Structures are given as C-alpha cells and as structure tokens.
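What follows is the content of model_1.txt, which has compact mmCIF, C-alpha atoms:
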```txt
# COMPACT_ATOMS: atom_id res chain seq x y z
CA MET A 4 15.01 -30.77 10.97
CA SER A 5 16.98 -33.97 10.81
CA ASP A 6 20.01 -34.30 8.60
CA SER A 7 18.45 -37.26 6.87
CA MET A 8 15.97 -35.15 4.92
CA LYS A 9 16.16 -35.84 1.22
CA PHE A 10 15.61 -32.95 -1.17
CA GLY A 11 14.23 -33.12 -4.70
CA VAL A 12 14.39 -30.37 -7.32
CA ILE A 13 11.95 -30.66 -10.23
CA THR A 14 13.05 -29.62 -13.70
CA PHE A 15 10.26 -28.30 -15.93
CA PRO A 16 10.76 -27.34 -19.58
CA GLY A 17 12.15 -23.82 -19.25
CA SER A 18 13.38 -24.09 -15.65
CA ASN A 19 16.70 -22.26 -15.34
CA CYS A 20 17.43 -22.25 -11.62
CA ASP A 21 17.24 -26.01 -11.07
CA GLN A 22 21.02 -26.50 -11.25
CA ASP A 23 21.68 -23.46 -9.02
CA LEU A 24 19.33 -24.92 -6.44
CA ILE A 25 20.89 -28.39 -6.65
CA TYR A 26 24.33 -26.78 -6.24
CA ALA A 27 23.20 -24.67 -3.28
CA LEU A 28 21.50 -27.57 -1.50
CA GLY A 29 24.09 -30.21 -2.37
CA HIS A 30 27.38 -28.31 -2.44
CA ASN A 31 26.80 -25.30 -0.20
CA LEU A 32 24.56 -26.98 2.37
CA GLY A 33 25.80 -30.56 2.02
CA LYS A 34 22.33 -32.07 1.68
CA GLU A 35 21.23 -35.16 -0.17
CA VAL A 36 19.54 -33.81 -3.30
CA VAL A 37 18.17 -35.47 -6.42
CA LYS A 38 16.88 -34.17 -9.72
CA LEU A 39 13.26 -34.89 -10.51
CA TRP A 40 11.70 -34.66 -13.97
CA HIS A 41 8.34 -32.99 -14.56
CA LYS A 42 7.03 -35.94 -16.59
CA ASP A 43 7.68 -38.51 -13.88
CA HIS A 44 5.13 -39.64 -11.34
CA ASP A 45 7.74 -40.38 -8.70
CA LEU A 46 9.15 -38.13 -5.97
CA GLN A 47 11.90 -40.73 -5.29
CA GLY A 48 11.21 -40.73 -1.58
CA CYS A 49 12.11 -37.04 -1.17
CA ASP A 50 10.94 -35.28 1.98
CA PHE A 51 11.26 -31.75 0.63
CA ILE A 52 10.32 -30.85 -2.95
CA PHE A 53 11.56 -27.71 -4.68
CA LEU A 54 9.97 -26.03 -7.70
CA PRO A 55 12.74 -23.86 -9.15
CA GLY A 56 12.77 -20.55 -10.94
CA GLY A 57 12.79 -20.07 -14.68
CA PHE A 58 10.31 -19.61 -17.48
CA SER A 59 8.43 -22.91 -17.60
CA TYR A 60 6.66 -23.28 -20.94
CA GLY A 61 7.94 -19.84 -21.93
CA ASP A 62 5.53 -18.22 -19.43
CA TYR A 63 2.83 -18.83 -22.05
CA LEU A 64 -0.75 -18.04 -21.03
CA ARG A 65 0.33 -17.02 -17.49
CA SER A 66 3.55 -17.74 -15.59
CA GLY A 67 3.36 -21.25 -14.16
CA ALA A 68 -0.13 -21.90 -15.54
CA ILE A 69 0.87 -24.78 -17.80
CA ALA A 70 3.64 -26.29 -15.64
CA ARG A 71 1.17 -26.67 -12.80
CA PHE A 72 -0.49 -29.44 -14.88
CA SER A 73 2.78 -31.33 -15.42
CA PRO A 74 2.41 -35.03 -14.53
CA ILE A 75 4.56 -34.78 -11.39
CA MET A 76 2.33 -32.05 -9.95
CA ASP A 77 -0.24 -34.71 -8.94
CA GLU A 78 2.38 -36.21 -6.64
CA VAL A 79 3.50 -32.77 -5.44
CA ALA A 80 -0.09 -31.89 -4.49
CA ALA A 81 -0.55 -35.25 -2.72
CA HIS A 82 2.78 -34.78 -0.88
CA ALA A 83 1.68 -31.30 0.26
CA LYS A 84 -1.71 -32.60 1.33
CA LYS A 85 -0.05 -35.20 3.56
CA GLY A 86 1.93 -32.40 5.21
CA GLY A 87 5.10 -32.91 3.15
CA TYR A 88 7.29 -29.88 2.49
CA VAL A 89 7.13 -28.08 -0.85
CA MET A 90 8.84 -24.83 -1.75
CA GLY A 91 8.59 -22.75 -4.91
CA ILE A 92 11.04 -20.02 -5.78
CA CYS A 93 10.11 -17.36 -8.35
CA ASN A 94 8.49 -19.33 -11.21
CA GLY A 95 8.01 -22.16 -8.69
CA PHE A 96 6.04 -19.75 -6.46
CA GLN A 97 3.91 -18.79 -9.48
CA MET A 98 3.22 -22.50 -10.14
CA LEU A 99 2.15 -23.09 -6.54
CA THR A 100 -0.35 -20.24 -6.64
CA GLU A 101 -1.66 -21.43 -10.02
CA ALA A 102 -2.03 -24.92 -8.53
CA GLY A 103 -3.96 -23.53 -5.57
CA LEU A 104 -1.36 -24.87 -3.12
CA LEU A 105 -0.69 -21.30 -2.04
CA PRO A 106 -3.22 -18.45 -1.93
CA GLY A 107 -3.14 -15.47 -4.28
CA ALA A 108 -1.47 -14.78 -7.61
CA LEU A 109 1.59 -13.01 -9.01
CA LEU A 110 0.71 -10.08 -11.26
CA HIS A 111 2.94 -8.06 -13.59
CA ASN A 112 5.31 -5.76 -11.74
CA THR A 113 3.62 -2.36 -11.55
CA SER A 114 6.58 -0.82 -13.39
CA MET A 115 6.04 -3.33 -16.25
CA ASN A 116 9.80 -3.91 -16.15
CA PHE A 117 11.63 -7.16 -15.62
CA ILE A 118 13.59 -6.44 -12.44
CA CYS A 119 16.91 -8.14 -11.73
CA LYS A 120 18.65 -6.77 -8.64
CA ASN A 121 19.39 -7.35 -4.98
CA VAL A 122 16.56 -6.54 -2.59
CA TYR A 123 16.26 -6.75 1.18
CA LEU A 124 13.90 -9.07 2.99
CA LYS A 125 12.60 -8.95 6.51
CA PRO A 126 11.56 -12.34 7.92
CA VAL A 127 7.99 -12.14 9.20
CA SER A 128 6.43 -15.45 10.25
CA LYS A 129 7.40 -16.59 13.73
CA SER A 130 5.81 -20.01 13.20
CA ALA A 131 6.88 -21.11 9.70
CA LEU A 132 9.89 -23.42 9.48
CA LEU A 133 11.56 -21.24 6.86
CA THR A 134 11.57 -18.00 8.86
CA LYS A 135 10.88 -18.62 12.55
CA ASP A 136 14.54 -18.85 13.54
CA LEU A 137 15.92 -16.19 11.20
CA GLU A 138 17.40 -13.08 12.77
CA ASP A 139 15.38 -9.90 13.02
CA ARG A 140 17.32 -8.07 10.29
CA ALA A 141 17.31 -7.33 6.56
CA TYR A 142 18.54 -10.22 4.41
CA LYS A 143 20.00 -9.31 1.01
CA VAL A 144 18.69 -11.65 -1.70
CA PRO A 145 18.39 -11.10 -5.48
CA ILE A 146 15.14 -11.00 -7.42
CA ALA A 147 14.76 -11.58 -11.16
CA HIS A 148 11.17 -11.44 -12.36
CA GLY A 149 8.61 -9.62 -14.47
CA GLU A 150 5.60 -10.99 -12.61
CA GLY A 151 6.25 -10.85 -8.91
CA ASN A 152 3.57 -8.47 -7.75
CA TYR A 153 1.81 -10.50 -5.07
CA TYR A 154 -1.95 -10.12 -5.05
CA CYS A 155 -4.75 -11.80 -3.15
CA LEU A 156 -8.31 -10.97 -2.15
CA PRO A 157 -8.72 -8.72 0.94
CA ASP A 158 -10.16 -11.63 3.00
CA GLU A 159 -7.23 -13.84 2.05
CA LEU A 160 -4.76 -11.09 2.91
CA LYS A 161 -6.33 -10.72 6.33
CA ALA A 162 -6.21 -14.50 6.85
CA LEU A 163 -2.55 -14.61 5.77
CA GLU A 164 -1.62 -11.91 8.24
CA ASP A 165 -3.83 -13.20 11.08
CA ASN A 166 -2.43 -16.73 10.72
CA ASP A 167 1.22 -15.65 10.54
CA GLN A 168 1.55 -16.92 6.95
CA VAL A 169 3.59 -14.06 5.52
CA LEU A 170 7.19 -15.25 5.18
CA PHE A 171 9.00 -12.10 4.09
CA HIS A 172 8.38 -8.40 3.55
CA TYR A 173 10.46 -6.37 1.11
CA CYS A 174 12.32 -3.82 3.21
CA ASP A 175 15.22 -1.39 2.93
CA GLU A 176 18.81 -2.06 3.99
CA ASN A 177 17.94 -1.19 7.58
CA GLY A 178 14.91 -3.43 7.76
CA ASN A 179 12.26 -0.73 7.32
CA VAL A 180 9.26 -1.94 5.36
CA THR A 181 8.55 1.03 3.11
CA GLU A 182 6.84 1.64 -0.19
CA ALA A 183 10.16 2.66 -1.72
CA ALA A 184 11.59 -0.75 -0.82
CA ASN A 185 8.79 -2.55 -2.64
CA PRO A 186 10.25 -3.50 -6.05
CA ASN A 187 7.15 -4.79 -7.80
CA GLY A 188 4.00 -3.39 -6.20
CA ALA A 189 3.28 -6.47 -4.07
CA MET A 190 0.45 -6.05 -1.56
CA HIS A 191 1.79 -5.06 1.86
CA ASN A 192 5.36 -5.60 0.51
CA ILE A 193 4.82 -9.39 0.55
CA ALA A 194 7.76 -11.31 -0.95
CA GLY A 195 6.74 -14.80 0.16
CA VAL A 196 3.90 -16.70 1.81
CA THR A 197 3.15 -20.10 3.29
CA ASN A 198 -0.11 -22.09 3.36
CA ALA A 199 -2.39 -22.46 6.38
CA THR A 200 -0.63 -25.66 7.50
CA LYS A 201 2.80 -24.06 6.91
CA ASN A 202 4.35 -26.87 4.91
CA VAL A 203 4.19 -25.16 1.49
CA PHE A 204 6.40 -22.11 0.93
CA GLY A 205 6.64 -19.66 -1.95
CA MET A 206 8.92 -16.68 -2.42
CA MET A 207 9.90 -14.51 -5.38
CA PRO A 208 13.52 -13.77 -4.34
CA HIS A 209 16.25 -16.33 -5.07
CA PRO A 210 18.09 -17.51 -1.92
CA GLU A 211 19.96 -20.11 -4.02
CA ARG A 212 21.69 -17.24 -5.85
CA ALA A 213 23.17 -15.97 -2.61
CA ALA A 214 24.40 -19.23 -1.10
CA ASP A 215 28.05 -19.45 -2.16
CA ALA A 216 30.92 -17.45 -0.61
CA LEU A 217 32.39 -16.90 -4.09
CA LEU A 218 29.36 -14.82 -4.96
CA GLY A 219 30.02 -12.51 -2.02
CA ASN A 220 26.68 -12.91 -0.29
CA LEU A 221 25.58 -15.71 2.02
CA ASP A 222 22.22 -14.35 3.14
CA GLY A 223 20.42 -16.80 0.86
CA LYS A 224 22.33 -19.67 2.42
CA ALA A 225 21.24 -18.49 5.87
CA ILE A 226 17.63 -18.72 4.71
CA LEU A 227 18.01 -22.15 3.09
CA GLU A 228 19.74 -23.46 6.21
CA MET A 229 16.45 -23.06 8.06
CA ILE A 230 14.85 -25.92 6.20
CA GLY A 231 17.24 -28.67 6.97
CA MET B 29 -20.99 -30.94 -34.22
CA LYS B 30 -18.20 -28.41 -34.43
CA PHE B 31 -18.39 -25.17 -32.52
CA LYS B 32 -16.20 -22.13 -32.51
CA ALA B 33 -15.73 -20.17 -29.32
CA ILE B 34 -14.20 -16.76 -28.90
CA ILE B 35 -13.11 -16.42 -25.30
CA HIS B 36 -12.45 -13.01 -23.78
CA ILE B 37 -10.26 -12.95 -20.69
CA MET B 38 -9.87 -9.70 -18.76
CA PRO B 39 -8.16 -8.73 -15.52
CA ARG B 40 -10.76 -8.32 -12.76
CA PRO B 41 -11.90 -4.70 -12.43
CA GLU B 42 -10.36 -4.28 -8.97
CA ILE B 43 -6.95 -5.30 -10.30
CA LEU B 44 -4.50 -2.68 -11.47
CA ASP B 45 -3.57 -3.39 -15.08
CA PRO B 46 -0.09 -1.90 -15.58
CA GLN B 47 -0.08 -2.95 -19.24
CA GLY B 48 -3.26 -0.96 -19.85
CA LYS B 49 -1.92 1.95 -17.85
CA ALA B 50 1.33 2.09 -19.85
CA THR B 51 -0.66 1.92 -23.08
CA LEU B 52 -2.93 4.74 -21.89
CA HIS B 53 0.17 6.91 -21.37
CA GLY B 54 1.37 5.98 -24.85
CA LEU B 55 -1.96 7.02 -26.35
CA HIS B 56 -1.88 10.32 -24.46
CA ASN B 57 1.65 10.95 -25.74
CA LEU B 58 0.37 10.41 -29.27
CA GLY B 59 -2.28 13.05 -28.72
CA PHE B 60 -5.26 10.80 -28.02
CA SER B 61 -6.04 12.89 -25.00
CA GLN B 62 -9.71 11.92 -25.02
CA VAL B 63 -8.87 8.32 -24.10
CA GLU B 64 -9.78 7.80 -20.45
CA GLN B 65 -9.03 4.18 -19.68
CA VAL B 66 -7.30 1.19 -21.26
CA ARG B 67 -7.61 -2.38 -19.99
CA ILE B 68 -5.77 -5.17 -21.76
CA GLY B 69 -6.81 -8.81 -21.74
CA LYS B 70 -6.60 -11.82 -24.01
CA GLN B 71 -8.71 -13.35 -26.72
CA VAL B 72 -8.58 -17.11 -27.23
CA GLU B 73 -10.24 -18.80 -30.20
CA ILE B 74 -11.14 -22.43 -29.80
CA THR B 75 -12.77 -24.97 -32.08
CA VAL B 76 -14.48 -27.74 -30.18
CA GLU B 77 -16.32 -30.92 -31.12
CA ALA B 78 -19.43 -31.54 -29.01
CA ASP B 79 -22.87 -33.18 -29.21
CA ASP B 80 -24.66 -29.89 -28.77
CA ALA B 81 -24.14 -26.27 -27.78
CA GLU B 82 -24.90 -27.01 -24.14
CA SER B 83 -22.13 -29.58 -23.72
CA ALA B 84 -19.71 -27.37 -25.70
CA ARG B 85 -20.53 -24.56 -23.30
CA ALA B 86 -20.01 -26.81 -20.26
CA SER B 87 -16.59 -28.03 -21.36
CA LEU B 88 -15.47 -24.51 -22.29
CA GLU B 89 -16.54 -23.22 -18.88
CA GLU B 90 -14.44 -25.90 -17.26
CA ALA B 91 -11.46 -25.22 -19.55
CA CYS B 92 -11.64 -21.52 -18.68
CA ARG B 93 -11.89 -22.14 -14.95
CA LYS B 94 -9.12 -24.76 -14.89
CA LEU B 95 -6.56 -23.29 -17.25
CA LEU B 96 -7.42 -20.47 -19.63
CA ALA B 97 -8.27 -17.92 -16.95
CA ASN B 98 -7.08 -17.60 -13.36
CA PRO B 99 -10.25 -16.79 -11.40
CA VAL B 100 -8.21 -15.09 -8.66
CA ILE B 101 -7.22 -12.28 -11.02
CA GLU B 102 -9.20 -12.68 -14.24
CA GLN B 103 -12.75 -12.98 -15.48
CA PHE B 104 -13.88 -14.53 -18.73
CA ARG B 105 -16.82 -14.76 -21.08
CA PHE B 106 -17.20 -16.43 -24.44
CA GLU B 107 -19.32 -16.39 -27.57
CA LEU B 108 -20.16 -19.75 -29.09
CA THR B 109 -21.15 -20.26 -32.72
CA GLU B 110 -21.61 -23.32 -34.86
CA ALA B 111 -18.50 -23.74 -36.98
```
Take the structure from the file and write it as structure tokens.
Amino acid sequence: MSDSMKFGVITFPGSNCDQDLIYALGHNLGKEVVKLWHKDHDLQGCDFIFLPGGFSYGDYLRSGAIARFSPIMDEVAAHAKKGGYVMGICNGFQMLTEAGLLPGALLHNTSMNFICKNVYLKPVSKSALLTKDLEDRAYKVPIAHGEGNYYCLPDELKALEDNDQVLFHYCDENGNVTEAANPNGAMHNIAGVTNATKNVFGMMPHPERAADALLGNLDGKAILEMIG
Amino acid sequence: MKFKAIIHIMPRPEILDPQGKATLHGLHNLGFSQVEQVRIGKQVEITVEADDAESARASLEEACRKLLANPVIEQFRFELTEA
C-alpha cells in the first residue's frame, strides 16, 4: 500500500479503543490519521476506515446492534461497497457483522466470562491484505471481550474457508490450532474474517494494544503494518 | 389506533445458549434436578400507533428483522393486542 493512505477512526458513544488506535496508527506507525464522529456523514477523504473497540451504546440489545445504525455507517457501507477498506476491531467487528458487511455473528463466550488476556493468533488468509504477508508463526495479541464467540451458518463457514476469508485462527504459543487455545468457543477457532471481496476486515483481538515497544509486545504492530 | 406488542426473541435452536446452560447448572445446584433444559431470550414490549392491525404487524416485522432481533442467531415472534 502507498504511504499516502489516510486513515480514519470513528468514535461511537462508548468506544474506548479509539485513542489507542489513533496512537498506534499515528505515533507507532507514522500514518496520517483523523478522528471521525459517528454522527457525521463525512469520511473526510479517508482511504481506510477503522471501527474501534469498546462498548458502543452500552452493548444494549446486542453488541454493535445500535451503533451500526449511526449516521456515519451509511458512508461506511458505501465506502465498503466501492471497494474501500474498512476494519473493525472487537466491538467494531461486532458492528460490521450486525451491519451485514461481514458474515456471521459474535455470540457470548461459551464460558460466559469476560476474557481479558493475551492469546496467540495464526495468520490464515494468503490473499487478504491484512494477513497475506504475515509470517507463518503465532502472533501474541490481547483480547478483551464477553461476546467474541464467532458463529455463522454451516454454508457460510464453508464459503469463508473455501474463499480464503478466514484471517486468523486462535492457536497456542507454538502455532498449533487446538481446542484448548480457543478462548471463547469460536467456530473453527476463528478470530477474524474478511468479506468476499477482501476489503472489509474484522477481528476480536486488539493489535493496537500491542503496537508500542513500551508495552513489551510489538506483534500487534506487525499486523497493523500490513495495511499501510 | 394504538396497539401493544409483546415480542419474544430467542436464540435459534441450533445455537448453544451459554446463559441458559449456566442457569440450568444453577437450578440443578439448588435441587431442581427435574429441570432438563433452559433457554434464555428477551421480551420486548412495544406500543405502536397504526391504522390497523395489519400495518402494525408489518412495521413490527420490519423492526424485528432490522434491529430487535439478529436473524443470523435469533428468531422472534410477537403477540399484538389493541391497547
């Protein structure tokens, strides 16, 4: 991707990872990044739109269900339809599935616990911008969610796997995709997916929380570097 | 005319309901050993102004499909009465 890509991070009421993402993109990766407001109808000429993590609208009704009708989501959907890049992290991923921009849904973790810890991710898709050039190893990235259990219909799951749309699998430290390494019960250990045209990305783990050397882990930065 | 709708939203049968499962364990711990299954959903009560029951029904259907339920993981039904 060219260095001239402009990034936009949307703040929804209840977003809490918007500043982390702006810091990671702007400070750690040196990208041009602007803040967007959920009530606006303007993407300010951004090429790559981020929907951050948090608890938009207090997770009322279902996580992401109300935010997905925020005014700016019309422009986000139009941007995605034109082939523009959109990425949702955690609550942002939930919004994208609610909006139908990504297949499936995020159910309650099978343990019913909110889980906040480091997990390991194995890059899967060899054709999606986000993962195709990542190394074949386990990346350590934190998760923090109560509803991250990826679910979709069997036909959709087959389509996702046949079309190389799975971005990451939860794995162990050595890169083995096992049931024990699955933190939330997600189908086939899926931690992130992309759409059929591979310009919309969603993942539950937080790469922006592992993008600064001071935090002692740069695996998230390595992932974010893939997009620009 | 005013109508009142009681909307029942339940996780689809093929979906594991961890909330129901945890509650089932709680009931068993309390000695309700005869309880076999627990599924937990939501009930939404809505008052709606419409010309007739048919148009009230149509707009509620749309509201359920668009926002109140997520058809990927939930199913819904509602009872409509004149308020």
So how many Å separate atom CA of Leu108 of chain B and atom CA of Ile34 of chain B, to one decimal?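 Atom CA of Ile34 of chain B lies at a distance of 6.7 Å from atom CA of Leu108 of chain B.
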Atom CA of Ala97 of chain B to atom CA of Gln71 of chain B, distance in Å rounded to a single decimal: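 These two atoms are separated by 10.8 Å.
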For chain B, which residue among A:Thr134, A:Asn121, A:Asn187, A:Ser59 is the nearest when counting all atoms listed in the file?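 Looking only at the distances to chain B, the closest residue turns out to be A:Asn187.
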Could you give me, as a compact mmCIF listing (two decimals) with C-alpha atoms, in the coordinates of the input, the residues that have an atom at most 8 Å away from the point (-12.9, -12.6, -20.2) in the coordinates of the file, using all atoms listed in the file?
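Writing done, so here's part-v3.txt:
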```
# COMPACT_ATOMS: atom_id res chain seq x y z
CA ILE B 35 -13.11 -16.42 -25.30
CA HIS B 36 -12.45 -13.01 -23.78
CA ILE B 37 -10.26 -12.95 -20.69
CA MET B 38 -9.87 -9.70 -18.76
CA PRO B 39 -8.16 -8.73 -15.52
CA GLY B 69 -6.81 -8.81 -21.74
CA LYS B 70 -6.60 -11.82 -24.01
CA GLN B 71 -8.71 -13.35 -26.72
CA ALA B 97 -8.27 -17.92 -16.95
CA GLU B 102 -9.20 -12.68 -14.24
CA GLN B 103 -12.75 -12.98 -15.48
CA PHE B 104 -13.88 -14.53 -18.73
CA ARG B 105 -16.82 -14.76 -21.08
CA PHE B 106 -17.20 -16.43 -24.44
```
Using all atoms listed in the file, tabulate the residues of chain A lying at most 10 Å from any atom of chain B, each with its closest atom pair and that distance in Å to one decimal, by chain and increasing residue number, as JSON lines.
```
{"residue": "A:Leu64", "atom": "CA", "partner": "B:Leu96", "partner_atom": "CA", "distance": 7.2}
{"residue": "A:Arg65", "atom": "CA", "partner": "B:Asn98", "partner_atom": "CA", "distance": 8.5}
{"residue": "A:Ala68", "atom": "CA", "partner": "B:Leu95", "partner_atom": "CA", "distance": 6.8}
{"residue": "A:Ile69", "atom": "CA", "partner": "B:Leu95", "partner_atom": "CA", "distance": 7.6}
{"residue": "A:Arg71", "atom": "CA", "partner": "B:Leu95", "partner_atom": "CA", "distance": 9.5}
{"residue": "A:Phe72", "atom": "CA", "partner": "B:Leu95", "partner_atom": "CA", "distance": 9.0}
{"residue": "A:Thr100", "atom": "CA", "partner": "B:Val100", "partner_atom": "CA", "distance": 9.6}
{"residue": "A:Glu101", "atom": "CA", "partner": "B:Asn98", "partner_atom": "CA", "distance": 7.4}
{"residue": "A:Ala102", "atom": "CA", "partner": "B:Lys94", "partner_atom": "CA", "distance": 9.5}
{"residue": "A:Gly103", "atom": "CA", "partner": "B:Val100", "partner_atom": "CA", "distance": 9.9}
{"residue": "A:Pro106", "atom": "CA", "partner": "B:Val100", "partner_atom": "CA", "distance": 9.0}
{"residue": "A:Gly107", "atom": "CA", "partner": "B:Val100", "partner_atom": "CA", "distance": 6.7}
{"residue": "A:Ala108", "atom": "CA", "partner": "B:Val100", "partner_atom": "CA", "distance": 6.8}
{"residue": "A:Leu109", "atom": "CA", "partner": "B:Ile101", "partner_atom": "CA", "distance": 9.1}
{"residue": "A:Leu110", "atom": "CA", "partner": "B:Ile101", "partner_atom": "CA", "distance": 8.2}
{"residue": "A:His111", "atom": "CA", "partner": "B:Pro46", "partner_atom": "CA", "distance": 7.1}
{"residue": "A:Asn112", "atom": "CA", "partner": "B:Pro46", "partner_atom": "CA", "distance": 7.7}
{"residue": "A:Thr113", "atom": "CA", "partner": "B:Pro46", "partner_atom": "CA", "distance": 5.5}
{"residue": "A:Ser114", "atom": "CA", "partner": "B:Pro46", "partner_atom": "CA", "distance": 7.1}
{"residue": "A:Met115", "atom": "CA", "partner": "B:Pro46", "partner_atom": "CA", "distance": 6.3}
{"residue": "A:Tyr154", "atom": "CA", "partner": "B:Ile101", "partner_atom": "CA", "distance": 8.3}
{"residue": "A:Cys155", "atom": "CA", "partner": "B:Val100", "partner_atom": "CA", "distance": 7.3}
{"residue": "A:Leu156", "atom": "CA", "partner": "B:Val100", "partner_atom": "CA", "distance": 7.7}
```
Do a neighbour search on Asn94 of chain A at 7 Å with all atoms listed in the file, toss out local chain neighbours closer than 6 positions, and write the hits as number ranges by chain. A: 55-58, 66-67
Spatial neighbours of Phe31 of chain B, max dist 6 Å, all atoms listed in the file, sep filter under 4 positions, as a list in words: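 Skipping anything fewer than 4 positions along the chain leaves Thr75, Val76, Thr109, Glu110 and Ala111 of chain B.
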Filtering to C-alpha atoms, could you give me those residues as a short mmCIF file (atom, residue, chain, number, x, y, z; two decimals), keeping the file's coordinate frame?
```cif
data_model
loop_
_atom_site.label_atom_id
_atom_site.label_comp_id
_atom_site.auth_asym_id
_atom_site.auth_seq_id
_atom_site.Cartn_x
_atom_site.Cartn_y
_atom_site.Cartn_z
CA THR B 75 -12.77 -24.97 -32.08
CA VAL B 76 -14.48 -27.74 -30.18
CA THR B 109 -21.15 -20.26 -32.72
CA GLU B 110 -21.61 -23.32 -34.86
CA ALA B 111 -18.50 -23.74 -36.98
#
```
Would you work out the distance separating atom CA of Phe96 of chain A from atom CA of Ser128 of chain A, expressed in Å to one decimal?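 Separating atom CA of Phe96 of chain A from atom CA of Ser128 of chain A is a distance of 17.3 Å.
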